[in-house]
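Colleague: Got a structure for you, questions after.
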2 protein chains.
Amino acid sequence: MASHTSAARARIVIIGCGFGGLEATKALRNADVEITVVDRQNHHLFQPLLYQVATAGLTAPAIAEPIRRIFRRQPNVTVLMAEVTGLDAQARTVQLGDGQTLVYDHLIVAAGATHSYFGHDDWAAHAPGLKTLEDAYVIRRQMLMAYEEAESLRADAPVTERDALLTSVVIGAGPTGVEMAGTMVEIARHTLTGEFRRFQPKNARVLLIEGGPRVLGNYPQALSDSAKRQLEKIGVEVRLGARVTHIDAQGITLDEGGQTQRINAATVVWAAGVAASPLGKVVAAATGATLDRAGRVQVLPDLSLAGHPEISVVGDLAAAMSHVPGKDPAPVPGVSPGAKQMGRTAAANILRRMQGLAGLPFRYVNYGDLATIGRKAAVADVGVPLLGQLRFTGFPAWLFWLFIHVFFLIGFRNRLVVMIDWAWSYWTFERHARIVVKQDS
Amino acid sequence: MASHTSAARARIVIIGCGFGGLEATKALRNADVEITVVDRQNHHLFQPLLYQVATAGLTAPAIAEPIRRIFRRQPNVTVLMAEVTGLDAQARTVQLGDGQTLVYDHLIVAAGATHSYFGHDDWAAHAPGLKTLEDAYVIRRQMLMAYEEAESLRADAPVTERDALLTSVVIGAGPTGVEMAGTMVEIARHTLTGEFRRFQPKNARVLLIEGGPRVLGNYPQALSDSAKRQLEKIGVEVRLGARVTHIDAQGITLDEGGQTQRINAATVVWAAGVAASPLGKVVAAATGATLDRAGRVQVLPDLSLAGHPEISVVGDLAAAMSHVPGKDPAPVPGVSPGAKQMGRTAAANILRRMQGLAGLPFRYVNYGDLATIGRKAAVADVGVPLLGQLRFTGFPAWLFWLFIHVFFLIGFRNRLVVMIDWAWSYWTFERHARIVVKQDS
């Protein structure tokens, strides 16, 4: 080791520790490099289960792990909790919010995505999205407080006031929207039974609004149809081809085939639009890279930037293509396996470049689609070695969903706790994380 | 049931659902009355374990239970999440923050206590106390962020800056202060090992400041001595007879026997002073009751107010005496068994009055004193039937402490989860709730 002085080792900076940044860092675990991981949060978040925090089924620590704990036994990693404010691609430095500068030889930008309200940023205050733990707490508080307010209503309050408090709207019927709507119905129909004296929680309404012609629009048609049937069976009102034209503190306005409709609702969740992190603009300005309409950075086949082989962009921030020999390049979907695979490719390409080799093109392997709808209901479309493509729905798909999500959680303890929580709530219908804490203190 | 119309049943309002209000409500479970429980929070909090949330060992839902869930199977209870803003003892009404009014035939005020900074309210911003989950989150964030900032310090920052970030001060060596200080040392010495690259967490300092001559000042002298030895053995710097004269954002100023000393510290926790809820003043103004120096309401032997037998005050808000036949009345200590016993007595006396009987005087049964100091360390002084008074320390006291706290937690699930968490952290030294979430969103 004496021959490797600190200055001689390649300095790698990784911005963001979601699925892409995490996998890239792990893939470099045996490399003789100095890695600095920078994230605004102190934790890596298992986003596929975030809706369960928003709906009081899981606590935050069950799906979030301190980043520095993950890398405690990877000595080539230093973790900094900081905001990235600038990039100088010529000087090869990253500026942090506290005024410090990090010098890099290789940079991986994995800053992820945020919500997009399609130009209606004023909707954000009334219809929170679901990307961070903060978002999940906001939604949980909104939902639980609406029930509290319904119980506190004066006896002479107009019935429409109570109806609005007991109405929830989820906008966007992708996997997150489907999961949120299914769980919200379960809470009203089962979890809260017997807890209120002045109304029946089971009379609560949950609407799932989708502008497109079907739920789970990126899934095969048969799974979309099954998901819609399962949602309606448990009590979700599914509205397809319905465009949201206005959102305010009291509810939303819909355009359904030219008909305008007003729906008053205390709880509105935005699961419709995603935009790349604003860091994409910083990268574009510093490197001349171009952004696509969603603000994602256009990358070369090997995930690096034109003219800047030392900078890679991965995950939701990258407008990346999958390159399978003999096939046309295909866009990579914005799901966690895509981000993880990109992170590993970017790390491998850094190691190749350190050996003087060119980067290899990224190839996305699609293991399938999976979404849960509620208790004992889900849809799955997965490729299984030897068996080929399997498509299944209902209870078997739900069990498969449980297994996959527990398997990919980080940490044995989290897996154990989540399994106990799920077994518990399966038998009791309880959702134990129903604690509202004031935000302003 | 037809003979009992709604109007004929006695209306009982219970303000606050801590230990006193909770026990009073439960004690009325079979009474033909209409109970309304009013609390500002949606949850009952198991305060004896709150320091474990502040130190990232437990999640909030493990020690907090939604109040309406507790009473879901007690149909004579309606739960309202609301703030009490006024009391009209003549009209027998309670005013709520939303403008509504509750009419009562019997009222139990169990609004508890808050921190007291002995006239230095400006200290609150720099030295949070520990009464609510919000408080616990503030302390947890302060402690974890200090370590993050120490890792982010520029290489040329003065060494005193890092030292201050790695210094924690706990003011007040009652049970909460002792538990906080012991756990903070454990985090530095064990939990964070290997997670930082630029300093050694085990070099962190934890000071426990006490104005009086010993720790656990209300406990027998031998237990105080043992607690001090155990604290020092695990690395806490105990300062007795030290008076805090100033607190600001950078640290504290101490007066130790006339010597002034400055201690810069990023984390300062206030565990020194307790004052009754401001609702005490409302009660006094409405009923003519007198308050003691700590703001507690003076009650009659049966916990009701002079001239107002229909109003009882219990728990930390009551300046109550214990009445044992043949002995002088003795003050009731501000511990959870005291509040629970008062709640049961107040409820029983309401039932007696409904039968035309006089209330019985309150009698406090002291089951003993118990405090934990850290891993495998505690002190206990308990009365055991047949065996008499037992006093023990160290590992046996620690096991006893674990058993008692799991036993008194509400809900089987919480007991199970807390036992798993404790077993897990016993073997791994991990503290799993180390997730910092921004407060301002």
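Residues in the structure tokens are named by chain (A, B, ... in the order shown) and by number from 1 within that chain; ligands are numbered from 1 in the order shown.
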Enumerate as an MDAnalysis selection string all residues of range 98-319 of chain A assigned to strand (DSSP E or B) by DSSP on the backbone, naming them with the chain letters and numbers the document uses.
Modeller: chainID A and resid 101:103 106:109 113:115 167:171 205:209 237:239 242:248 251:256 259:264 267:270 274:276 291 297:298 304:305 308:313 318:319
Colleague: Counting only C-alpha atoms, a student should be able to say which residues of chain A come within 8 Å of chain B; what is the right answer, written as an NGL selection string?
Modeller: :A and (41-43 or 59-61 or 64-66 or 68-69 or 71-73 or 78-81 or 100 or 133-135 or 138 or 148 or 151-152 or 154 or 194-197 or 413 or 417 or 424 or 432-441)
Colleague: Save the residues we just selected, C-alpha atoms, as a PDB file, in the first residue's frame?
Modeller:
```
ATOM      1  CA  GLN A  41     -30.234  13.658   2.991  1.00  0.00           C
ATOM      2  CA  ASN A  42     -28.473  11.482   5.565  1.00  0.00           C
ATOM      3  CA  HIS A  43     -30.261   8.388   4.270  1.00  0.00           C
ATOM      4  CA  THR A  59     -42.116   3.868   9.780  1.00  0.00           C
ATOM      5  CA  ALA A  60     -39.453   5.868   7.990  1.00  0.00           C
ATOM      6  CA  PRO A  61     -36.473   3.927   9.436  1.00  0.00           C
ATOM      7  CA  ALA A  64     -34.439   4.377   4.967  1.00  0.00           C
ATOM      8  CA  GLU A  65     -30.870   3.597   5.959  1.00  0.00           C
ATOM      9  CA  PRO A  66     -28.210   6.135   6.996  1.00  0.00           C
ATOM     10  CA  ARG A  68     -22.732   6.383   6.196  1.00  0.00           C
ATOM     11  CA  ARG A  69     -23.937   3.263   7.932  1.00  0.00           C
ATOM     12  CA  PHE A  71     -20.601   2.325   3.781  1.00  0.00           C
ATOM     13  CA  ARG A  72     -19.104   1.945   7.249  1.00  0.00           C
ATOM     14  CA  ARG A  73     -17.135  -1.105   6.095  1.00  0.00           C
ATOM     15  CA  THR A  78     -16.325   9.393   2.589  1.00  0.00           C
ATOM     16  CA  VAL A  79     -19.947  10.497   2.980  1.00  0.00           C
ATOM     17  CA  LEU A  80     -20.868  14.188   3.081  1.00  0.00           C
ATOM     18  CA  MET A  81     -24.366  15.432   3.819  1.00  0.00           C
ATOM     19  CA  GLN A 100     -16.387  23.992  -0.002  1.00  0.00           C
ATOM     20  CA  LEU A 133     -39.869  11.133   3.475  1.00  0.00           C
ATOM     21  CA  GLU A 134     -40.950  14.750   4.006  1.00  0.00           C
ATOM     22  CA  ASP A 135     -43.515  14.286   1.234  1.00  0.00           C
ATOM     23  CA  VAL A 138     -47.125  15.666   4.565  1.00  0.00           C
ATOM     24  CA  GLU A 148     -59.860  14.121  12.769  1.00  0.00           C
ATOM     25  CA  GLU A 151     -65.027  13.944  13.803  1.00  0.00           C
ATOM     26  CA  SER A 152     -64.664  17.492  15.160  1.00  0.00           C
ATOM     27  CA  ARG A 154     -70.113  20.901  14.491  1.00  0.00           C
ATOM     28  CA  GLY A 194     -64.964   1.620  15.147  1.00  0.00           C
ATOM     29  CA  GLU A 195     -62.735   4.585  15.886  1.00  0.00           C
ATOM     30  CA  PHE A 196     -65.145   7.406  15.067  1.00  0.00           C
ATOM     31  CA  ARG A 197     -68.500   8.187  16.694  1.00  0.00           C
ATOM     32  CA  ARG A 413     -33.270  -5.736  10.559  1.00  0.00           C
ATOM     33  CA  VAL A 417     -39.362  -5.446  10.877  1.00  0.00           C
ATOM     34  CA  TRP A 424     -49.362  -7.914  11.778  1.00  0.00           C
ATOM     35  CA  HIS A 432     -49.297   1.316  13.288  1.00  0.00           C
ATOM     36  CA  ALA A 433     -47.566   4.507  12.132  1.00  0.00           C
ATOM     37  CA  ARG A 434     -50.641   6.707  12.585  1.00  0.00           C
ATOM     38  CA  ILE A 435     -48.873   9.315  14.685  1.00  0.00           C
ATOM     39  CA  VAL A 436     -49.265  12.937  13.679  1.00  0.00           C
ATOM     40  CA  VAL A 437     -46.482  15.227  14.830  1.00  0.00           C
ATOM     41  CA  LYS A 438     -46.708  18.962  14.372  1.00  0.00           C
ATOM     42  CA  GLN A 439     -44.394  20.149  11.634  1.00  0.00           C
ATOM     43  CA  ASP A 440     -43.721  23.590  12.935  1.00  0.00           C
ATOM     44  CA  SER A 441     -41.704  22.665  16.003  1.00  0.00           C
TER      45      SER A 441
END
```
Colleague: Here is a test: counting only C-alpha atoms, which residue of B:Glu179, B:Ala294, B:Ala188, B:Leu96 is nearest to Pro201 in chain B?
Modeller: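 Nearest candidate to Pro201 in chain B out of B:Glu179, B:Ala294, B:Ala188, B:Leu96: B:Ala188.
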Colleague: Got a sec: who's within 12 Å of Ala348 in chain A, counting only C-alpha atoms, leaving out chain neighbours fewer than 6 positions off, as a list in words?
Modeller: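 Contacts, with the query itself left out: Glu23, Ala24, Thr25, Lys26, Ala27, Leu28, Arg29, Asn30, Ala31, His106, Ile108, Asp302, Leu303, Ser304, Ser312, Gln341, Met342, Met354, Gln355, Leu357, Ala358, Gly359, Leu360, Pro361 and Phe362 of chain A.
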Colleague: Measure the distance from CA of His246 in chain A to CA of Gly129 in chain A in Å and round it to one decimal.
Modeller: 15.8 Å
Colleague: Would you mind listing what lies within 6 Å of range 395-411 of chain B as a list in words, with only C-alpha atoms counted and same-chain residues fewer than 2 positions away left out?
Modeller: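 So the residues in contact are Lys376, Ala377, Ala378, Val379, Ala380, Phe392, Thr393, Arg413, Asn414 and Arg415 of chain B.
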Colleague: Would you list the contacts of Asp121 in chain A as a list of chain:residue names, taking every protein, DNA or RNA residue within 12 Å and counting only C-alpha atoms, but skipping same-chain residues closer than 3 positions in sequence?
Modeller: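 Selected residues are A:His115, A:Ser116, A:Tyr117, A:Phe118, A:Ala124, A:Ala125, A:His126, A:Ala127, A:Pro128, A:Gly129, A:His246, A:Ile247, A:Asp248, A:Trp270, A:Gly273.
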Colleague: Based on the backbone DSSP call, show me all residues of range 182-300 of chain A assigned alpha helix (DSSP H), as JSON, numbers by chain.
Modeller: {"A": [182, 183, 184, 185, 186, 221, 222, 223, 224, 225, 226, 227, 228, 229, 230, 231, 232, 233, 234, 279, 280, 281, 282, 283, 284, 285, 286, 287]}
Colleague: Report, in Å to a single decimal, how far apart CA of Gly356 in chain A and CA of Val33 in chain A are.
Modeller: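 CA of Val33 in chain A sits 15.7 Å away from CA of Gly356 in chain A.
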Colleague: To one decimal in Å, tell me the separation between CA of Ala91 in chain B and CA of Ala306 in chain B.
Modeller: 16.9 Å
Colleague: Point out the residue among B:Gly383, B:Gly334, B:Gly172, B:Pro309 with the least atom-to-atom distance to Arg92 in chain B, counting only C-alpha atoms.
Modeller: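 Between B:Gly383, B:Gly334, B:Gly172, B:Pro309, the residue approaching Arg92 in chain B most closely is B:Pro309.
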Colleague: Pick the closest to Val169 in chain B from B:Ala204, B:Ala330, B:Leu22, B:Ala289: which is it, counting only C-alpha atoms?
Modeller: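 When distances to Val169 in chain B are compared using only C-alpha atoms, the smallest one comes from B:Ala204.
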Colleague: Quick one: residues within 10 Å of range 254-266 of chain B, only C-alpha atoms, excluding same-chain residues fewer than 5 positions away - as number ranges by chain?
Modeller: B: 126-127, 142-143, 145-147, 149, 160-169, 205-207, 209, 211, 239-249
Colleague: Got time to write the residues from that selection, N, CA and C atoms, as an mmCIF file, in the first residue's frame?
Modeller:
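In the end it all went to part-v2.cif:
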```
data_model
loop_
_atom_site.group_PDB
_atom_site.id
_atom_site.type_symbol
_atom_site.label_atom_id
_atom_site.label_comp_id
_atom_site.auth_asym_id
_atom_site.auth_seq_id
_atom_site.Cartn_x
_atom_site.Cartn_y
_atom_site.Cartn_z
ATOM 1 N N HIS B 126 -32.114 27.091 22.273
ATOM 2 C CA HIS B 126 -30.791 26.458 22.203
ATOM 3 C C HIS B 126 -30.704 25.162 22.997
ATOM 4 N N ALA B 127 -31.631 24.969 23.933
ATOM 5 C CA ALA B 127 -31.557 23.792 24.797
ATOM 6 C C ALA B 127 -32.953 23.175 24.889
ATOM 7 N N GLN B 142 -30.623 17.577 16.131
ATOM 8 C CA GLN B 142 -29.485 18.378 16.592
ATOM 9 C C GLN B 142 -28.254 17.483 16.807
ATOM 10 N N MET B 143 -28.463 16.365 17.470
ATOM 11 C CA MET B 143 -27.353 15.463 17.781
ATOM 12 C C MET B 143 -26.763 14.856 16.511
ATOM 13 N N MET B 145 -27.037 15.902 13.368
ATOM 14 C CA MET B 145 -26.485 16.905 12.459
ATOM 15 C C MET B 145 -25.132 17.418 12.950
ATOM 16 N N ALA B 146 -24.917 17.424 14.268
ATOM 17 C CA ALA B 146 -23.615 17.868 14.773
ATOM 18 C C ALA B 146 -22.513 16.936 14.257
ATOM 19 N N TYR B 147 -22.778 15.642 14.243
ATOM 20 C CA TYR B 147 -21.790 14.705 13.698
ATOM 21 C C TYR B 147 -21.605 14.916 12.196
ATOM 22 N N GLU B 149 -21.981 17.683 10.576
ATOM 23 C CA GLU B 149 -21.214 18.919 10.367
ATOM 24 C C GLU B 149 -19.741 18.717 10.705
ATOM 25 N N THR B 160 -10.993 23.781 17.743
ATOM 26 C CA THR B 160 -12.047 24.061 18.719
ATOM 27 C C THR B 160 -13.437 23.958 18.093
ATOM 28 N N GLU B 161 -13.519 24.205 16.780
ATOM 29 C CA GLU B 161 -14.811 24.126 16.109
ATOM 30 C C GLU B 161 -15.301 22.674 16.087
ATOM 31 N N ARG B 162 -14.382 21.761 15.743
ATOM 32 C CA ARG B 162 -14.767 20.345 15.753
ATOM 33 C C ARG B 162 -15.080 19.886 17.184
ATOM 34 N N ASP B 163 -14.263 20.315 18.141
ATOM 35 C CA ASP B 163 -14.513 19.917 19.532
ATOM 36 C C ASP B 163 -15.926 20.319 19.974
ATOM 37 N N ALA B 164 -16.336 21.526 19.615
ATOM 38 C CA ALA B 164 -17.674 21.983 20.014
ATOM 39 C C ALA B 164 -18.755 21.125 19.367
ATOM 40 N N LEU B 165 -18.545 20.757 18.096
ATOM 41 C CA LEU B 165 -19.542 19.921 17.423
ATOM 42 C C LEU B 165 -19.644 18.554 18.085
ATOM 43 N N LEU B 166 -18.552 18.092 18.672
ATOM 44 C CA LEU B 166 -18.542 16.758 19.271
ATOM 45 C C LEU B 166 -18.798 16.805 20.774
ATOM 46 N N THR B 167 -19.302 17.949 21.265
ATOM 47 C CA THR B 167 -19.611 18.058 22.687
ATOM 48 C C THR B 167 -21.120 18.151 22.890
ATOM 49 N N SER B 168 -21.648 17.319 23.776
ATOM 50 C CA SER B 168 -23.066 17.354 24.130
ATOM 51 C C SER B 168 -23.190 17.644 25.614
ATOM 52 N N VAL B 169 -24.168 18.470 25.961
ATOM 53 C CA VAL B 169 -24.399 18.814 27.357
ATOM 54 C C VAL B 169 -25.842 18.475 27.710
ATOM 55 N N ARG B 205 -17.489 14.226 23.608
ATOM 56 C CA ARG B 205 -17.671 14.429 25.056
ATOM 57 C C ARG B 205 -19.151 14.547 25.374
ATOM 58 N N VAL B 206 -19.560 13.945 26.486
ATOM 59 C CA VAL B 206 -20.923 14.136 26.990
ATOM 60 C C VAL B 206 -20.825 14.594 28.437
ATOM 61 N N LEU B 207 -21.399 15.776 28.718
ATOM 62 C CA LEU B 207 -21.385 16.306 30.085
ATOM 63 C C LEU B 207 -22.791 16.271 30.669
ATOM 64 N N ILE B 209 -24.825 17.993 33.665
ATOM 65 C CA ILE B 209 -24.699 19.126 34.590
ATOM 66 C C ILE B 209 -25.836 19.092 35.605
ATOM 67 N N GLY B 211 -27.272 21.018 39.260
ATOM 68 C CA GLY B 211 -27.088 22.060 40.253
ATOM 69 C C GLY B 211 -27.012 21.528 41.679
ATOM 70 N N ARG B 239 -20.954 16.706 36.388
ATOM 71 C CA ARG B 239 -20.611 17.930 37.129
ATOM 72 C C ARG B 239 -21.713 18.225 38.126
ATOM 73 N N LEU B 240 -21.451 18.021 39.401
ATOM 74 C CA LEU B 240 -22.462 18.296 40.434
ATOM 75 C C LEU B 240 -22.237 19.692 41.012
ATOM 76 N N GLY B 241 -23.276 20.260 41.611
ATOM 77 C CA GLY B 241 -23.163 21.606 42.191
ATOM 78 C C GLY B 241 -22.778 22.654 41.157
ATOM 79 N N ALA B 242 -23.156 22.414 39.911
ATOM 80 C CA ALA B 242 -22.792 23.346 38.834
ATOM 81 C C ALA B 242 -24.062 24.018 38.328
ATOM 82 N N ARG B 243 -24.064 25.337 38.341
ATOM 83 C CA ARG B 243 -25.246 26.086 37.983
ATOM 84 C C ARG B 243 -25.067 26.672 36.586
ATOM 85 N N VAL B 244 -26.054 26.476 35.708
ATOM 86 C CA VAL B 244 -26.004 27.062 34.368
ATOM 87 C C VAL B 244 -26.442 28.514 34.466
ATOM 88 N N THR B 245 -25.585 29.431 34.004
ATOM 89 C CA THR B 245 -25.928 30.853 34.107
ATOM 90 C C THR B 245 -26.273 31.463 32.760
ATOM 91 N N HIS B 246 -25.942 30.741 31.669
ATOM 92 C CA HIS B 246 -26.197 31.320 30.342
ATOM 93 C C HIS B 246 -26.197 30.197 29.304
ATOM 94 N N ILE B 247 -27.110 30.300 28.331
ATOM 95 C CA ILE B 247 -27.128 29.361 27.209
ATOM 96 C C ILE B 247 -27.316 30.163 25.926
ATOM 97 N N ASP B 248 -26.485 29.906 24.924
ATOM 98 C CA ASP B 248 -26.692 30.526 23.622
ATOM 99 C C ASP B 248 -26.455 29.481 22.535
ATOM 100 N N ALA B 249 -26.438 29.926 21.289
ATOM 101 C CA ALA B 249 -26.349 28.983 20.173
ATOM 102 C C ALA B 249 -25.012 28.233 20.174
#
```
Colleague: Quick one: residues within 9 Å of Thr114 in chain A, only C-alpha atoms, excluding same-chain residues fewer than 4 positions away - as a PyMOL selection string?
Modeller: chain A and resi 129-131+273-278
Colleague: What does the file look like for those residues with all heavy atoms, as a PDB file, in the first residue's frame?
Modeller:
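Final output, saved to again27.pdb:
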```pdb
ATOM      1  N   GLY A 129     -46.661  15.672  -3.892  1.00  0.00           N
ATOM      2  CA  GLY A 129     -46.182  14.463  -4.561  1.00  0.00           C
ATOM      3  C   GLY A 129     -45.504  13.548  -3.559  1.00  0.00           C
ATOM      4  O   GLY A 129     -45.544  13.796  -2.349  1.00  0.00           O
ATOM      5  N   LEU A 130     -44.876  12.493  -4.050  1.00  0.00           N
ATOM      6  CA  LEU A 130     -44.344  11.479  -3.139  1.00  0.00           C
ATOM      7  C   LEU A 130     -42.958  11.049  -3.620  1.00  0.00           C
ATOM      8  O   LEU A 130     -42.822  10.068  -4.351  1.00  0.00           O
ATOM      9  CB  LEU A 130     -45.298  10.275  -3.086  1.00  0.00           C
ATOM     10  CG  LEU A 130     -44.994   9.207  -2.030  1.00  0.00           C
ATOM     11  CD1 LEU A 130     -45.042   9.795  -0.630  1.00  0.00           C
ATOM     12  CD2 LEU A 130     -45.965   8.047  -2.136  1.00  0.00           C
ATOM     13  N   LYS A 131     -41.945  11.817  -3.215  1.00  0.00           N
ATOM     14  CA  LYS A 131     -40.569  11.485  -3.588  1.00  0.00           C
ATOM     15  C   LYS A 131     -39.665  11.318  -2.375  1.00  0.00           C
ATOM     16  O   LYS A 131     -38.707  10.573  -2.412  1.00  0.00           O
ATOM     17  CB  LYS A 131     -39.987  12.596  -4.487  1.00  0.00           C
ATOM     18  CG  LYS A 131     -40.374  12.463  -5.951  1.00  0.00           C
ATOM     19  CD  LYS A 131     -39.546  11.376  -6.636  1.00  0.00           C
ATOM     20  CE  LYS A 131     -40.086  11.042  -8.009  1.00  0.00           C
ATOM     21  NZ  LYS A 131     -39.506   9.802  -8.532  1.00  0.00           N
ATOM     22  N   GLY A 273     -46.772  13.453 -12.495  1.00  0.00           N
ATOM     23  CA  GLY A 273     -45.664  13.906 -13.333  1.00  0.00           C
ATOM     24  C   GLY A 273     -44.333  13.868 -12.630  1.00  0.00           C
ATOM     25  O   GLY A 273     -44.233  14.132 -11.439  1.00  0.00           O
ATOM     26  N   VAL A 274     -43.299  13.549 -13.387  1.00  0.00           N
ATOM     27  CA  VAL A 274     -41.955  13.491 -12.840  1.00  0.00           C
ATOM     28  C   VAL A 274     -41.057  14.346 -13.714  1.00  0.00           C
ATOM     29  O   VAL A 274     -41.167  14.338 -14.936  1.00  0.00           O
ATOM     30  CB  VAL A 274     -41.454  12.037 -12.809  1.00  0.00           C
ATOM     31  CG1 VAL A 274     -39.957  11.979 -12.583  1.00  0.00           C
ATOM     32  CG2 VAL A 274     -42.184  11.250 -11.733  1.00  0.00           C
ATOM     33  N   ALA A 275     -40.181  15.122 -13.101  1.00  0.00           N
ATOM     34  CA  ALA A 275     -39.196  15.904 -13.848  1.00  0.00           C
ATOM     35  C   ALA A 275     -37.824  15.634 -13.251  1.00  0.00           C
ATOM     36  O   ALA A 275     -37.701  15.327 -12.065  1.00  0.00           O
ATOM     37  CB  ALA A 275     -39.517  17.390 -13.764  1.00  0.00           C
ATOM     38  N   ALA A 276     -36.800  15.759 -14.090  1.00  0.00           N
ATOM     39  CA  ALA A 276     -35.448  15.514 -13.611  1.00  0.00           C
ATOM     40  C   ALA A 276     -35.056  16.553 -12.566  1.00  0.00           C
ATOM     41  O   ALA A 276     -35.615  17.651 -12.510  1.00  0.00           O
ATOM     42  CB  ALA A 276     -34.474  15.552 -14.777  1.00  0.00           C
ATOM     43  N   SER A 277     -34.095  16.208 -11.726  1.00  0.00           N
ATOM     44  CA  SER A 277     -33.562  17.134 -10.724  1.00  0.00           C
ATOM     45  C   SER A 277     -33.062  18.415 -11.385  1.00  0.00           C
ATOM     46  O   SER A 277     -32.533  18.385 -12.496  1.00  0.00           O
ATOM     47  CB  SER A 277     -32.408  16.454  -9.990  1.00  0.00           C
ATOM     48  OG  SER A 277     -31.559  17.419  -9.408  1.00  0.00           O
ATOM     49  N   PRO A 278     -33.221  19.558 -10.704  1.00  0.00           N
ATOM     50  CA  PRO A 278     -32.696  20.819 -11.254  1.00  0.00           C
ATOM     51  C   PRO A 278     -31.185  20.760 -11.500  1.00  0.00           C
ATOM     52  O   PRO A 278     -30.652  21.585 -12.239  1.00  0.00           O
ATOM     53  CB  PRO A 278     -33.035  21.842 -10.163  1.00  0.00           C
ATOM     54  CG  PRO A 278     -34.082  21.213  -9.324  1.00  0.00           C
ATOM     55  CD  PRO A 278     -33.929  19.736  -9.440  1.00  0.00           C
TER      56      PRO A 278
END
```
Colleague: Which is closer to Tyr104 in chain B than all the others in B:Thr183, B:Ser425, B:Gln90, B:Asn349, using only C-alpha atoms?
Modeller: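 Between B:Thr183, B:Ser425, B:Gln90, B:Asn349, the residue approaching Tyr104 in chain B most closely is B:Gln90.
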